[in-house]
Amino acid sequence: MQTIPTSDLDLFTDRALSDPYPLHRELRDLGPVVELTAHGVYALARYRQVREAAADWRAFSSAQGVMMNDRINSALQGITLCSDPPEHTRMRQVLGRPLRPERLRELVPRIEREARHLVGRLVGQGSFDATTELARHLPLTVVSELVGLGDAGRAHMLEWANATFDAQGPMNRRTVEAFPKLDEMVAFALREARPGTLDPAGWAAELYTAAERGDLPVEQCPFMVIDYIAPSLDTTIYAISSAVHLFATHPEQWAVLRADPSLLPHAVNEVLRLESPIQRFTRVVTEDHEIEGCTLPAGSRVMLLYGAANRDGRKYPDPDRFDVRRRPSDHLAFGRGEHACPGLGLARIEMQAVLAALLPLVGRFELLAAAPVLNNVLRGWASCRVRVHPAKD
Ligand code: HEM
């Protein structure tokens with residue numbers, strides 16, 4: 001039996017959130033499991049262990065919530081993200097319907113058109129903010145319309161989504177300050193995300209139709225609306241602006257991609273691997289569980305550090321290097337197993353549409369200024385100003 005190494009690192013300070021990677025390296029090097037004394041949880045930071053835990057819902061349960069504090073774990077009880085089979089399977093079948101490939105295919109022409117239009121305008125400006133002006137557009141227009149919350153809900157989606165992630169931290173200032181917005185979103189979902197207010201053609205309304213058919217209990221529907229609001233915006237927004245940031249700081253990689261646009265899907269995976277928009281979720285261990293001779297006690301909370309696993313040198317050689325020729329399709333930015341992201345197809349379509357629209361127009365990005373987002377779960381750039389040098393070919 002091995003003793004589990006301990007660490008007093010706090011992963012939630014401003015400094016840690018601005019640059020988590022040195023801390024992640026330290027945790028990976030300490031062992032396959034580390035006890036984080038500052039947060040009273042265990043952490044998995046290596047690729048193999050994170051992947052295995054994410055794929056094993058019986059040992060690593062989501063039903064007691066996947067966040068770091070009891071208040072949000074109980075506020076969001078009933079969402080798909082915080083459930084185990086068989087409830088999870090039932091909800092997921094309904095939730096995933098509009099996100100199936102055949103439904104997404106119908107959306108591609110519109111998303112590509114929107115992306116080309118927006119990119120053409122911004123490139124014409126000469127400089128722009130890759131987060132606020134470029135990356136927000138598709139998730140905020142197309143996706144929020146698809147969810148179909150009506151004007152009142154749509155106007156708040158972005159701030160609610162951001163707060164939902166912030167409120168997932170340990171009980172620090174950021175977490176506490178996010179609770180009023182989270183409460184607002186839950187109250188909205190319970191009060192107004194209902195047939196009559198919802199766009200009858202939207203994804204949220206589809207949940208109620210499924211409930212009428214008997215596919216799920218109707219009281220579950222408002223919570224499942226949250227499953228659509230919370231994870232579909234900032235994640236994709238930060239993924240798109242991280243891509244621009246990485247290409248601005250690695251112009252040779254942009255040149256490689258421009259020379260061979262067939263690398264685009266791999267480039268998207270490489271961006272998600274290096275700058276995973278969701279850095280971590282947690283699980284609760286259902287019974288004593290052994291990892292490489294270390295026993296995790298039943299009932300303990302374990303952090304799955306997706307962002308750290310994706311930079312594990314045991315899995316990816318030279319892991320901090322951005323290389324669009326790498327083909328890291330097995331990265332963990334979308335999780336793994338039962339809870340693996342059902343929106344990954346849509347996220348990829350949005351990312352690829354924006355980059356594909358930029359490829360013929362931009363010869364090089366020049367980074368003017370960037371500020372990291374400080375959020376208890378999310379990783380990305382709150383702002384990322386770039387100047388674009390038009391393509392000459
Ligand atoms: C780049 C963008 C995205 C990233 C990085 C991302 C990441 C993730 C991750 C890591 C999980 C796993 C949760 C866990 O392990 O407990 C997840 C779940 C989920 N995501 Fe995404 N996501 C993205 C975009 C989206 C979009 C666009 C949607 C919806 C339209 C979406 C909806 C969901 C839902 C509903 C779940 C919960 C699934 C379940 O518990 O079965 N995500 N996402």
# chains A, B, ... in the order shown; residues from 1 in each chain; ligands from 1
>>> residues_near_ligand(ligand="ligand 1", cutoff="7 Å", atoms="only C-alpha atoms and all ligand atoms", output="NGL selection string")
:A and (54 or 62 or 66 or 80-82 or 88 or 92 or 95 or 99 or 227-228 or 231-233 or 235-236 or 239 or 272 or 276-278 or 281 or 332-336 or 338-344 or 346-347)
>>> select_by_dssp(residues="stretch 184-331 of chain A", states="alpha helix (DSSP H)", output="PyMOL selection string")
chain A and resi 184-191+203-212+221-232+234-249+251-259+264-274+306-309
>>> atom_distance(atom1="atom CA of A:Cys294", atom2="atom CA of A:Arg311")
22.6 Å
>>> select_by_dssp(residues="stretch 50-265 of chain A", states="strand (DSSP E)", output="PyMOL selection string")
chain A and resi 60-61+127-129
>>> write_last_selection(atoms="all heavy atoms", output="PDB file, in the first residue's frame")
ATOM      1  N   PHE A  60     -16.520   6.202  -9.866  1.00  0.00           N
ATOM      2  CA  PHE A  60     -16.394   7.663  -9.744  1.00  0.00           C
ATOM      3  C   PHE A  60     -17.740   8.280 -10.125  1.00  0.00           C
ATOM      4  O   PHE A  60     -18.009   8.536 -11.301  1.00  0.00           O
ATOM      5  CB  PHE A  60     -15.275   8.180 -10.657  1.00  0.00           C
ATOM      6  CG  PHE A  60     -13.911   7.699 -10.241  1.00  0.00           C
ATOM      7  CD1 PHE A  60     -13.396   6.509 -10.737  1.00  0.00           C
ATOM      8  CD2 PHE A  60     -13.154   8.420  -9.330  1.00  0.00           C
ATOM      9  CE1 PHE A  60     -12.145   6.045 -10.335  1.00  0.00           C
ATOM     10  CE2 PHE A  60     -11.905   7.970  -8.928  1.00  0.00           C
ATOM     11  CZ  PHE A  60     -11.402   6.782  -9.430  1.00  0.00           C
ATOM     12  N   SER A  61     -18.563   8.510  -9.115  1.00  0.00           N
ATOM     13  CA  SER A  61     -19.950   8.906  -9.358  1.00  0.00           C
ATOM     14  C   SER A  61     -20.094  10.419  -9.545  1.00  0.00           C
ATOM     15  O   SER A  61     -19.401  11.213  -8.904  1.00  0.00           O
ATOM     16  CB  SER A  61     -20.788   8.450  -8.159  1.00  0.00           C
ATOM     17  OG  SER A  61     -22.020   9.114  -8.140  1.00  0.00           O
ATOM     18  N   SER A 127      -8.018  45.192 -36.962  1.00  0.00           N
ATOM     19  CA  SER A 127      -7.733  44.619 -35.640  1.00  0.00           C
ATOM     20  C   SER A 127      -9.054  44.379 -34.929  1.00  0.00           C
ATOM     21  O   SER A 127     -10.057  45.037 -35.226  1.00  0.00           O
ATOM     22  CB  SER A 127      -6.827  45.552 -34.826  1.00  0.00           C
ATOM     23  OG  SER A 127      -7.531  46.729 -34.518  1.00  0.00           O
ATOM     24  N   PHE A 128      -9.043  43.427 -34.013  1.00  0.00           N
ATOM     25  CA  PHE A 128     -10.280  43.111 -33.289  1.00  0.00           C
ATOM     26  C   PHE A 128      -9.940  42.296 -32.044  1.00  0.00           C
ATOM     27  O   PHE A 128      -8.807  41.831 -31.881  1.00  0.00           O
ATOM     28  CB  PHE A 128     -11.262  42.350 -34.187  1.00  0.00           C
ATOM     29  CG  PHE A 128     -10.702  41.088 -34.807  1.00  0.00           C
ATOM     30  CD1 PHE A 128     -10.720  39.882 -34.127  1.00  0.00           C
ATOM     31  CD2 PHE A 128     -10.156  41.119 -36.097  1.00  0.00           C
ATOM     32  CE1 PHE A 128     -10.200  38.726 -34.705  1.00  0.00           C
ATOM     33  CE2 PHE A 128      -9.636  39.966 -36.678  1.00  0.00           C
ATOM     34  CZ  PHE A 128      -9.670  38.758 -35.969  1.00  0.00           C
ATOM     35  N   ASP A 129     -10.956  42.162 -31.182  1.00  0.00           N
ATOM     36  CA  ASP A 129     -10.777  41.327 -29.996  1.00  0.00           C
ATOM     37  C   ASP A 129     -11.295  39.925 -30.335  1.00  0.00           C
ATOM     38  O   ASP A 129     -12.481  39.756 -30.642  1.00  0.00           O
ATOM     39  CB  ASP A 129     -11.552  41.926 -28.810  1.00  0.00           C
ATOM     40  CG  ASP A 129     -11.195  41.228 -27.514  1.00  0.00           C
ATOM     41  OD1 ASP A 129     -11.228  39.976 -27.489  1.00  0.00           O
ATOM     42  OD2 ASP A 129     -10.861  41.913 -26.526  1.00  0.00           O
TER      43      ASP A 129
END
>>> closest_residue(among="A:Val388, A:Val108, A:Met185, A:Val50", to="A:Leu76", atoms="only C-alpha atoms")
A:Met185
>>> atom_distance(atom1="atom CA of A:Pro222", atom2="atom CA of A:Ala193")
6.1 Å
>>> atom_distance(atom1="atom CA of A:Leu355", atom2="atom CA of A:Leu274")
16.8 Å
>>> residues_around(residues="A:Gly196", least_positions_apart="3", cutoff="12 Å", atoms="only C-alpha atoms", output="VMD selection string")
chain A and resid 148 to 150 191 to 193 199 to 202 204 to 205 208
>>> closest_residue(among="A:Ala356, A:Met91, A:Val123, A:Ala53", to="A:Met224", atoms="only C-alpha atoms")
A:Met91
>>> residues_around(residues="A:Arg121", least_positions_apart="4", cutoff="12 Å", atoms="only C-alpha atoms", output="ChimeraX atom specification")
/A:114-117,125-128,133-134,357-358,361
>>> write_last_selection(atoms="all heavy atoms", output="mmCIF file, in the first residue's frame")
data_model
loop_
_atom_site.group_PDB
_atom_site.id
_atom_site.type_symbol
_atom_site.label_atom_id
_atom_site.label_comp_id
_atom_site.auth_asym_id
_atom_site.auth_seq_id
_atom_site.Cartn_x
_atom_site.Cartn_y
_atom_site.Cartn_z
ATOM 1 N N GLU A 114 -22.505 32.526 -41.428
ATOM 2 C CA GLU A 114 -22.359 33.521 -40.349
ATOM 3 C C GLU A 114 -20.877 33.788 -40.082
ATOM 4 O O GLU A 114 -20.457 34.914 -39.874
ATOM 5 C CB GLU A 114 -22.981 32.999 -39.044
ATOM 6 C CG GLU A 114 -24.471 32.939 -39.027
ATOM 7 C CD GLU A 114 -25.122 34.215 -38.507
ATOM 8 O OE1 GLU A 114 -24.400 35.099 -38.019
ATOM 9 O OE2 GLU A 114 -26.356 34.320 -38.627
ATOM 10 N N ALA A 115 -20.093 32.707 -40.046
ATOM 11 C CA ALA A 115 -18.658 32.841 -39.737
ATOM 12 C C ALA A 115 -17.964 33.658 -40.826
ATOM 13 O O ALA A 115 -17.180 34.573 -40.534
ATOM 14 C CB ALA A 115 -18.019 31.457 -39.605
ATOM 15 N N ARG A 116 -18.274 33.366 -42.091
ATOM 16 C CA ARG A 116 -17.618 34.101 -43.193
ATOM 17 C C ARG A 116 -17.982 35.578 -43.156
ATOM 18 O O ARG A 116 -17.136 36.448 -43.326
ATOM 19 C CB ARG A 116 -18.031 33.495 -44.554
ATOM 20 C CG ARG A 116 -17.186 32.311 -44.968
ATOM 21 C CD ARG A 116 -17.369 31.995 -46.451
ATOM 22 N NE ARG A 116 -18.761 31.785 -46.814
ATOM 23 C CZ ARG A 116 -19.393 30.613 -46.751
ATOM 24 N NH1 ARG A 116 -18.737 29.535 -46.358
ATOM 25 N NH2 ARG A 116 -20.654 30.503 -47.084
ATOM 26 N N HIS A 117 -19.223 35.843 -42.876
ATOM 27 C CA HIS A 117 -19.699 37.222 -42.835
ATOM 28 C C HIS A 117 -18.980 37.994 -41.721
ATOM 29 O O HIS A 117 -18.433 39.084 -41.923
ATOM 30 C CB HIS A 117 -21.213 37.200 -42.609
ATOM 31 C CG HIS A 117 -21.834 38.545 -42.573
ATOM 32 N ND1 HIS A 117 -21.979 39.315 -43.700
ATOM 33 C CD2 HIS A 117 -22.317 39.272 -41.550
ATOM 34 C CE1 HIS A 117 -22.536 40.457 -43.377
ATOM 35 N NE2 HIS A 117 -22.750 40.463 -42.071
ATOM 36 N N GLN A 125 -11.636 45.428 -40.594
ATOM 37 C CA GLN A 125 -11.325 46.426 -39.543
ATOM 38 C C GLN A 125 -9.824 46.534 -39.294
ATOM 39 O O GLN A 125 -9.346 47.518 -38.782
ATOM 40 C CB GLN A 125 -11.939 45.963 -38.212
ATOM 41 C CG GLN A 125 -13.294 46.504 -37.892
ATOM 42 C CD GLN A 125 -13.861 45.843 -36.622
ATOM 43 O OE1 GLN A 125 -15.010 45.492 -36.620
ATOM 44 N NE2 GLN A 125 -13.079 45.675 -35.573
ATOM 45 N N GLY A 126 -9.080 45.457 -39.557
ATOM 46 C CA GLY A 126 -7.629 45.465 -39.351
ATOM 47 C C GLY A 126 -7.225 44.931 -37.995
ATOM 48 O O GLY A 126 -6.182 44.304 -37.837
ATOM 49 N N SER A 127 -8.018 45.192 -36.962
ATOM 50 C CA SER A 127 -7.733 44.619 -35.640
ATOM 51 C C SER A 127 -9.054 44.379 -34.929
ATOM 52 O O SER A 127 -10.057 45.037 -35.226
ATOM 53 C CB SER A 127 -6.827 45.552 -34.826
ATOM 54 O OG SER A 127 -7.531 46.729 -34.518
ATOM 55 N N PHE A 128 -9.043 43.427 -34.013
ATOM 56 C CA PHE A 128 -10.280 43.111 -33.289
ATOM 57 C C PHE A 128 -9.940 42.296 -32.044
ATOM 58 O O PHE A 128 -8.807 41.831 -31.881
ATOM 59 C CB PHE A 128 -11.262 42.350 -34.187
ATOM 60 C CG PHE A 128 -10.702 41.088 -34.807
ATOM 61 C CD1 PHE A 128 -10.720 39.882 -34.127
ATOM 62 C CD2 PHE A 128 -10.156 41.119 -36.097
ATOM 63 C CE1 PHE A 128 -10.200 38.726 -34.705
ATOM 64 C CE2 PHE A 128 -9.636 39.966 -36.678
ATOM 65 C CZ PHE A 128 -9.670 38.758 -35.969
ATOM 66 N N GLU A 133 -15.262 40.142 -29.854
ATOM 67 C CA GLU A 133 -15.834 40.465 -31.170
ATOM 68 C C GLU A 133 -15.951 39.239 -32.082
ATOM 69 O O GLU A 133 -16.879 39.149 -32.865
ATOM 70 C CB GLU A 133 -14.989 41.524 -31.869
ATOM 71 C CG GLU A 133 -15.081 42.895 -31.203
ATOM 72 C CD GLU A 133 -14.192 43.900 -31.909
ATOM 73 O OE1 GLU A 133 -12.996 44.004 -31.539
ATOM 74 O OE2 GLU A 133 -14.673 44.568 -32.830
ATOM 75 N N LEU A 134 -14.974 38.329 -31.970
ATOM 76 C CA LEU A 134 -14.984 37.189 -32.898
ATOM 77 C C LEU A 134 -15.667 35.956 -32.285
ATOM 78 O O LEU A 134 -16.660 35.456 -32.795
ATOM 79 C CB LEU A 134 -13.538 36.841 -33.293
ATOM 80 C CG LEU A 134 -13.374 35.616 -34.183
ATOM 81 C CD1 LEU A 134 -13.850 35.896 -35.598
ATOM 82 C CD2 LEU A 134 -11.906 35.148 -34.221
ATOM 83 N N ALA A 357 -12.826 30.348 -42.111
ATOM 84 C CA ALA A 357 -13.102 31.662 -42.699
ATOM 85 C C ALA A 357 -11.864 32.569 -42.586
ATOM 86 O O ALA A 357 -11.632 33.424 -43.449
ATOM 87 C CB ALA A 357 -14.303 32.299 -41.997
ATOM 88 N N LEU A 358 -11.073 32.385 -41.543
ATOM 89 C CA LEU A 358 -9.876 33.220 -41.359
ATOM 90 C C LEU A 358 -8.738 32.802 -42.305
ATOM 91 O O LEU A 358 -7.957 33.653 -42.763
ATOM 92 C CB LEU A 358 -9.370 33.113 -39.906
ATOM 93 C CG LEU A 358 -10.210 33.830 -38.834
ATOM 94 C CD1 LEU A 358 -9.862 33.304 -37.442
ATOM 95 C CD2 LEU A 358 -9.983 35.350 -38.892
ATOM 96 N N LEU A 361 -7.948 34.667 -45.577
ATOM 97 C CA LEU A 361 -7.856 36.134 -45.474
ATOM 98 C C LEU A 361 -6.670 36.634 -44.666
ATOM 99 O O LEU A 361 -6.172 37.733 -44.886
ATOM 100 C CB LEU A 361 -9.147 36.693 -44.834
ATOM 101 C CG LEU A 361 -10.475 36.379 -45.535
ATOM 102 C CD1 LEU A 361 -11.635 37.038 -44.811
ATOM 103 C CD2 LEU A 361 -10.427 36.854 -46.987
#
